[in-house]
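The next block is coords_2.txt, given as compact mmCIF, C-alpha atoms and all ligand atoms.
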```txt
# COMPACT_ATOMS: atom_id res chain seq x y z
CA MET A 1175 -26.78 105.46 54.04
CA GLN A 1176 -23.59 104.00 55.50
CA GLN A 1177 -20.11 104.79 54.25
CA HIS A 1178 -17.07 102.69 55.10
CA ASP A 1179 -13.81 104.39 55.71
CA SER A 1180 -10.47 103.91 57.44
CA ILE A 1181 -7.89 106.26 58.91
CA ASP A 1182 -4.74 106.18 61.07
CA GLY A 1183 -4.84 108.08 64.32
CA LEU A 1184 -3.95 108.30 67.99
CA VAL A 1185 -6.51 108.00 70.81
CA VAL A 1186 -6.04 111.15 72.91
CA ARG A 1187 -9.15 110.83 75.10
CA VAL A 1188 -11.75 108.19 75.97
CA ARG A 1189 -15.17 108.66 77.51
CA ASP A 1190 -16.96 105.59 78.86
CA MET A 1191 -20.73 105.28 78.75
CA ALA A 1192 -22.87 103.17 81.10
CA ASN A 1193 -23.67 100.57 78.40
CA HIS A 1194 -20.03 99.54 77.74
CA ASP A 1195 -19.81 101.89 74.78
CA ARG A 1196 -16.85 104.21 74.60
CA TYR A 1197 -16.32 107.47 72.75
CA LEU A 1198 -12.80 107.84 71.40
CA SER A 1199 -11.24 111.17 70.50
CA VAL A 1200 -8.80 110.24 67.75
CA LEU A 1201 -6.20 112.65 66.40
CA THR A 1202 -5.64 112.13 62.68
CA ALA A 1203 -3.37 113.98 60.25
CA GLU A 1204 -5.98 114.55 57.55
CA ARG A 1205 -9.16 115.23 59.50
CA GLY A 1206 -7.87 116.62 62.76
CA ARG A 1207 -9.49 115.32 65.94
CA ILE A 1208 -12.50 113.10 65.26
CA THR A 1209 -14.90 111.36 67.65
CA VAL A 1210 -15.47 107.64 67.07
CA LEU A 1211 -18.04 105.53 68.89
CA SER A 1212 -16.61 102.15 69.90
CA LYS A 1213 -19.53 99.89 70.75
CA GLY A 1214 -19.00 97.45 73.62
CA SER A 1215 -15.28 98.22 73.80
CA HIS A 1216 -15.38 99.13 77.43
CA SER A 1217 -16.18 95.48 78.23
CA LEU A 1218 -13.26 93.13 77.62
CA LYS A 1219 -15.30 91.08 75.16
CA GLY A 1220 -15.62 93.87 72.61
CA ALA A 1221 -14.11 93.10 69.23
CA GLN A 1222 -12.53 96.56 68.98
CA THR A 1223 -11.06 96.60 72.49
CA ALA A 1224 -7.41 96.52 71.37
CA VAL A 1225 -7.64 99.70 69.34
CA SER A 1226 -9.98 101.51 71.72
CA GLN A 1227 -7.40 102.24 74.42
CA LEU A 1228 -6.02 105.60 75.40
CA TYR A 1229 -2.59 106.42 73.82
CA THR A 1230 -3.02 103.77 71.12
CA TYR A 1231 -1.88 104.71 67.63
CA GLY A 1232 -3.69 102.52 65.16
CA ASN A 1233 -5.76 102.09 62.04
CA PHE A 1234 -9.46 102.63 62.58
CA GLU A 1235 -12.13 101.25 60.26
CA PHE A 1236 -15.52 102.77 60.70
CA TYR A 1237 -18.96 103.39 59.30
CA ARG A 1238 -20.02 106.91 58.84
CA ARG A 1239 -23.57 108.05 59.46
CA GLY A 1240 -23.75 111.71 58.71
CA SER A 1241 -21.12 113.36 60.91
CA PHE A 1242 -21.05 110.32 63.18
CA TYR A 1243 -18.23 107.73 63.14
CA ILE A 1244 -18.92 104.18 64.41
CA LEU A 1245 -15.93 101.88 64.83
CA LYS A 1246 -16.18 98.63 62.87
CA SER A 1247 -12.72 97.21 63.50
CA GLY A 1248 -9.19 98.38 63.95
CA SER A 1249 -5.61 97.31 64.45
CA PRO A 1250 -3.03 98.87 66.74
CA ILE A 1251 0.11 100.17 64.98
CA HIS A 1252 1.89 101.37 68.12
CA PRO A 1253 0.06 100.85 71.43
CA PHE A 1254 2.67 102.57 73.68
CA TYR A 1255 2.28 99.86 76.34
CA ALA A 1256 5.46 101.03 78.07
CA LEU A 1257 3.71 104.22 79.18
CA SER A 1258 1.65 102.27 81.71
CA MET A 1259 4.72 100.77 83.38
CA ASP A 1260 5.59 104.00 85.15
CA ILE A 1261 3.31 106.51 86.84
CA ASP A 1262 5.35 109.59 85.81
CA ARG A 1263 5.34 108.52 82.17
CA LEU A 1264 1.60 107.98 82.35
CA ASN A 1265 0.94 111.34 83.99
CA LEU A 1266 3.07 113.17 81.45
CA ALA A 1267 1.32 111.37 78.56
CA ALA A 1268 -2.04 112.43 80.00
CA TYR A 1269 -0.94 116.08 80.07
CA LEU A 1270 0.47 115.97 76.50
CA CYS A 1271 -2.81 114.48 75.25
CA ASP A 1272 -4.89 117.05 77.15
CA VAL A 1273 -2.92 119.88 75.54
CA THR A 1274 -3.31 118.24 72.11
CA TYR A 1275 -7.06 117.86 72.63
CA GLU A 1276 -7.30 121.55 73.52
CA LEU A 1277 -5.30 122.67 70.47
CA THR A 1278 -7.01 120.56 67.81
CA ASP A 1279 -10.45 120.36 66.29
CA GLU A 1280 -12.46 118.32 63.84
CA GLY A 1281 -11.79 119.10 60.19
CA GLU A 1282 -8.54 121.01 60.81
CA GLU A 1283 -5.50 119.24 59.31
CA ALA A 1284 -3.19 118.21 62.18
CA GLY A 1285 -0.25 116.35 60.61
CA ASP A 1286 2.47 118.27 62.48
CA MET A 1287 0.65 118.14 65.81
CA LEU A 1288 0.17 114.37 65.41
CA ARG A 1289 3.88 113.90 64.60
CA LEU A 1290 4.89 116.04 67.57
CA LEU A 1291 2.68 114.05 69.94
CA LEU A 1292 3.77 110.66 68.54
CA ASN A 1293 7.46 111.63 68.82
CA SER A 1294 6.91 112.86 72.37
CA LEU A 1295 5.06 109.71 73.50
CA TYR A 1296 7.74 107.59 71.86
CA ALA A 1297 10.46 109.49 73.74
CA VAL A 1298 8.60 109.28 77.06
CA SER A 1299 7.61 105.61 76.78
CA GLY A 1300 11.19 104.54 76.04
CA ASP A 1301 12.89 106.99 78.43
CA ARG A 1302 14.88 108.19 75.42
CA TYR A 1303 15.21 111.74 76.77
CA PRO A 1304 14.63 113.29 80.21
CA GLN A 1305 10.90 113.88 80.79
CA GLU A 1306 11.50 117.57 81.56
CA THR A 1307 13.17 118.01 78.16
CA VAL A 1308 10.36 116.26 76.28
CA LYS A 1309 7.66 118.18 78.15
CA ALA A 1310 9.29 121.56 77.53
CA ALA A 1311 10.07 120.93 73.85
CA PHE A 1312 6.50 119.70 73.30
CA GLU A 1313 5.01 122.76 75.04
CA MET A 1314 6.98 125.27 72.99
CA ARG A 1315 6.47 123.54 69.65
CA ALA A 1316 2.75 122.98 70.34
CA ALA A 1317 2.45 126.74 70.97
CA VAL A 1318 4.32 127.48 67.72
CA LEU A 1319 2.14 125.04 65.72
CA SER A 1320 -0.95 126.77 67.09
CA GLY A 1321 0.14 130.16 65.78
CA TYR A 1322 1.82 131.55 68.91
CA ALA A 1323 5.40 131.58 67.60
CA PRO A 1324 7.50 134.12 69.54
CA ASP A 1325 10.14 136.29 67.86
CA LEU A 1326 13.38 134.96 69.36
CA SER A 1327 15.79 136.78 67.04
CA GLY A 1328 16.92 139.28 69.70
CA CYS A 1329 15.78 141.92 72.19
CA THR A 1330 12.71 143.56 70.68
CA PHE A 1331 14.11 147.04 71.56
CA CYS A 1332 17.88 146.90 70.93
CA GLY A 1333 18.23 143.64 68.98
CA SER A 1334 20.79 142.22 71.40
CA LEU A 1335 21.08 138.48 71.89
CA GLU A 1336 24.33 138.74 73.84
CA ALA A 1337 22.85 140.01 77.09
CA GLU A 1338 23.52 137.77 80.09
CA SER A 1339 19.91 138.00 81.16
CA LEU A 1340 17.01 138.10 78.78
CA TYR A 1341 13.31 137.88 79.43
CA LEU A 1342 10.61 136.28 77.36
CA ASP A 1343 7.74 138.75 77.24
CA VAL A 1344 5.15 135.99 77.13
CA MET A 1345 1.99 137.65 75.87
CA ASN A 1346 3.83 139.79 73.30
CA GLY A 1347 5.87 136.81 72.11
CA ALA A 1348 9.13 138.79 72.21
CA LEU A 1349 12.51 138.94 73.94
CA VAL A 1350 13.59 141.85 76.13
CA CYS A 1351 17.11 142.29 77.54
CA SER A 1352 17.49 143.32 81.17
CA GLU A 1353 19.07 146.65 80.20
CA CYS A 1354 16.13 147.69 78.03
CA LEU A 1355 13.71 146.44 80.65
CA HIS A 1356 15.29 148.61 83.37
CA LYS A 1357 15.66 151.61 81.08
CA ARG A 1358 11.98 151.49 80.31
CA ALA A 1359 11.00 150.98 83.92
CA ARG A 1360 13.12 154.05 84.93
CA SER A 1361 11.83 156.31 82.16
CA ASN A 1362 8.33 155.67 83.33
CA ASP A 1363 9.07 156.28 87.02
CA GLY A 1364 6.36 158.29 88.68
CA HIS A 1365 3.80 157.52 86.03
CA GLY A 1366 3.08 154.02 87.19
CA VAL A 1367 2.46 152.85 83.66
CA TYR A 1368 5.03 151.49 81.22
CA ASP A 1369 4.73 152.21 77.53
CA ASP A 1370 5.78 148.96 75.98
CA ILE A 1371 6.24 146.69 78.96
CA ARG A 1372 3.41 146.90 81.39
CA GLU A 1373 3.60 145.69 84.94
CA ALA A 1374 0.92 143.15 84.20
CA ASP A 1375 3.09 141.51 81.56
CA ILE A 1376 4.38 138.05 82.21
CA LEU A 1377 8.16 137.97 81.98
CA ALA A 1378 9.98 134.63 82.00
CA PRO A 1379 13.71 135.02 82.79
CA LEU A 1380 16.12 133.30 80.38
CA SER A 1381 19.84 132.61 80.24
CA PRO A 1382 21.61 132.65 76.84
CA ALA A 1383 21.64 128.81 76.79
CA SER A 1384 17.95 128.46 77.70
CA CYS A 1385 17.09 131.05 75.04
CA ALA A 1386 19.07 129.09 72.45
CA ALA A 1387 17.12 125.96 73.45
CA LEU A 1388 13.83 127.82 72.98
CA ARG A 1389 14.93 128.80 69.50
CA TYR A 1390 16.00 125.24 68.72
CA VAL A 1391 12.72 123.55 69.70
CA SER A 1392 10.70 126.21 67.85
CA GLU A 1393 12.45 125.57 64.54
CA ALA A 1394 14.10 122.12 64.48
CA PRO A 1395 12.61 119.34 62.35
CA ILE A 1396 10.05 117.57 64.58
CA GLU A 1397 11.98 114.26 64.30
CA ARG A 1398 15.02 115.92 65.91
CA ILE A 1399 13.27 118.21 68.35
CA PHE A 1400 14.72 116.57 71.49
CA SER A 1401 18.30 116.42 70.17
CA PHE A 1402 19.71 119.20 72.29
CA GLU A 1403 21.20 119.27 75.74
CA LEU A 1404 21.14 121.76 78.58
CA LYS A 1405 23.91 120.54 80.84
CA ASP A 1406 23.45 123.22 83.47
CA THR A 1407 20.42 122.45 85.68
CA GLU A 1408 19.67 126.17 86.07
CA ASP A 1409 19.50 126.57 82.27
CA LEU A 1410 17.12 123.60 82.09
CA ARG A 1411 14.99 125.02 84.91
CA LEU A 1412 14.66 128.44 83.18
CA PHE A 1413 13.91 126.77 79.84
CA SER A 1414 11.17 124.51 81.17
CA ALA A 1415 9.61 127.25 83.31
CA ALA A 1416 9.45 129.52 80.25
CA THR A 1417 7.82 126.92 77.96
CA GLN A 1418 5.15 125.99 80.49
CA THR A 1419 4.32 129.63 81.27
CA TYR A 1420 4.30 130.46 77.56
CA LEU A 1421 1.89 127.68 76.56
CA LEU A 1422 -0.50 127.98 79.51
CA SER A 1423 -0.63 131.79 79.27
CA HIS A 1424 -1.55 131.65 75.60
CA LEU A 1425 -4.14 128.96 76.22
CA GLY A 1426 -5.46 130.94 79.17
CA ARG A 1427 -5.93 127.83 81.29
CA GLY A 1428 -4.21 125.18 83.38
CA PHE A 1429 -4.59 121.40 83.37
CA ASP A 1430 -5.42 119.00 86.23
CA SER A 1431 -3.17 116.43 84.56
CA LEU A 1432 -0.24 118.88 84.73
CA ASN A 1433 -0.82 119.57 88.44
CA PHE A 1434 -1.00 115.84 89.01
CA TYR A 1435 2.24 115.23 87.09
CA HIS A 1436 4.09 117.84 89.17
CA ALA A 1437 2.59 116.62 92.47
CA MET A 1438 3.54 112.98 91.85
CA LYS A 1439 7.06 113.93 90.67
CA GLN A 1440 7.50 115.90 93.87
CA ASP A 1441 6.27 112.94 95.91
CA THR A 1442 8.78 110.53 94.43
CA LYS A 1443 11.59 113.03 95.09
CA ASP A 1444 10.82 113.21 98.83
ZN ZN B 1501 17.58 145.35 74.69
```
This entry written out as structure tokens:
Amino acid sequence: MQQHDSIDGLVVRVRDMANHDRYLSVLTAERGRITVLSKGSHSLKGAQTAVSQLYTYGNFEFYRRGSFYILKSGSPIHPFYALSMDIDRLNLAAYLCDVTYELTDEGEEAGDMLRLLLNSLYAVSGDRYPQETVKAAFEMRAAVLSGYAPDLSGCTFCGSLEAESLYLDVMNGALVCSECLHKRARSNDGHGVYDDIREADILAPLSPASCAALRYVSEAPIERIFSFELKDTEDLRLFSAATQTYLLSHLGRGFDSLNFYHAMKQDTKD
């Protein structure tokens, strides 16, 4: 028994088979990440080729056989062609899609994650904001959407937000000011073990401005998530180091696409 259906979504991963068939991982708002078989799309003659490309946001019409989706036809809504005009854009898009793939699943509603990814790809493809800003804002908000929201209201011990140097205690999702951090380290001298902050904890240093940026991207409406500015390059560096450490530590893994993005960026700087 075949059922016809259609849904809007973004292709976040493709897997090519030897017979010109292609499996598409499509992120949708209503059904989360679904797998759609696109027959013959990997040859240029396939009728569904246009919509079967990585980073294409489109409408997908398919047959359903049990839990299996087979693409019938489709039309691109926003193909993000401009991503492929620049290697750094393309590498960053690959990383954002890899993170999205990791954080989503079939059957889990993913409207906010889809909007975050679409807004990010839109910003990257049009160079609307610096790539470092988009990457960092995406990382923090993706972590928040996945249930890892940190408490950024103040130092977890004394409540202070005024301290010149704060740390993001990554695995506990909390802020610690440098004074409380040192006090605790001293009071535990000789024991080798801290009560609340253990040596093994991952601490990301923050300035007041980078901390304010973290708070902004965690809470701002997704449409306005990139509308902030860190003028000082050191503030931006602390902010983006914290978001990357935060996301990867909570996911417990790294990404080849991220290493590649950093390596190529470095290359073009030299
Ligand atoms: Zn404190």
Hey, could you make a per-residue contact list for chain A against ligand ZN 1501 (chain B) with 9 Å as the cut-off, showing the nearest pair of atoms and its distance in Å to one decimal, counting all atoms listed in the file, sorted by chain and number, as CSV?
```
residue,atom,partner,partner_atom,distance
A:Gly1328,CA,B:ZN1501,ZN,7.9
A:Cys1329,CA,B:ZN1501,ZN,4.6
A:Thr1330,CA,B:ZN1501,ZN,6.6
A:Phe1331,CA,B:ZN1501,ZN,5.0
A:Cys1332,CA,B:ZN1501,ZN,4.1
A:Gly1333,CA,B:ZN1501,ZN,6.0
A:Ser1334,CA,B:ZN1501,ZN,5.6
A:Leu1335,CA,B:ZN1501,ZN,8.2
A:Ala1337,CA,B:ZN1501,ZN,7.9
A:Leu1340,CA,B:ZN1501,ZN,8.3
A:Leu1349,CA,B:ZN1501,ZN,8.2
A:Val1350,CA,B:ZN1501,ZN,5.5
A:Cys1351,CA,B:ZN1501,ZN,4.2
A:Ser1352,CA,B:ZN1501,ZN,6.8
A:Glu1353,CA,B:ZN1501,ZN,5.9
A:Cys1354,CA,B:ZN1501,ZN,4.3
A:Leu1355,CA,B:ZN1501,ZN,7.2
```
Exercise. Can you tell me, as a ChimeraX atom specification, what residues are no more than 12 Å from Arg1187 of chain A when counting all atoms listed in the file, ignoring any on the same chain fewer than 2 positions away?
Worked result: /A:1183-1185,1189-1190,1196-1201,1207-1210,1226-1230,1267-1276
Seminar exercise, completed: Using only C-alpha atoms, the shortest atom-to-atom distance to Pro1379 of chain A among A:Gln1177, A:Asn1346, A:Ser1247, A:Ser1414 belongs to A:Ser1414
Exercise. Counting all atoms listed in the file, which residues come within 12 Å of (-21.2, 107.1, 64.4), with the point read in the file's coordinates, and could you list them as number ranges by chain?
Worked result: A: 1175-1179, 1195-1198, 1208-1213, 1235-1246
For this session: Tell me which protein, DNA and RNA residues are within 8 Å of Gly1248 of chain A, counting only C-alpha atoms, leaving out same-chain ones fewer than 4 positions away, and put them as a VMD selection string.
Result: chain A and resid 1222 1224 to 1225 1232 to 1235
Exercise. What is the distance between atom CA of Tyr1341 of chain A and atom CA of Gln1305 of chain A, in Å to one decimal?
Worked result: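 Answer for the atom CA of Tyr1341 of chain A to atom CA of Gln1305 of chain A separation: 24.2 Å.
Take atom CA of Tyr1390 of chain A and atom CA of Val1308 of chain A: the distance between them is 13.0 Å.
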For this session: Have a look at atom CA of Ala1394 of chain A and atom CA of His1436 of chain A and let me know their distance in Å, one decimal.
Result: 27.0 Å
Report the centre and edge lengths, in Å to one decimal, of an axis-aligned box enclosing every atom of segment 1314-1326 of chain A listed in the file, padded by 4 Å on each side, as JSON.
```
{"center_x": 6.2, "center_y": 129.6, "center_z": 69.4, "size_x": 22.3, "size_y": 21.3, "size_z": 15.3}
```
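The shortest atom-to-atom distance to Tyr1420 of chain A, with only C-alpha atoms taken into account, belongs to A:Arg1315 out of A:Arg1398, A:Arg1315, A:Lys1439, A:Arg1358.
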For this session: Could you give me, as a PyMOL selection string, the residues within 7 Å of Ser1431 of chain A, counting only C-alpha atoms and dropping anything in the same chain fewer than 2 positions from it?
Result: chain A and resi 1265+1268-1269+1429+1433-1435
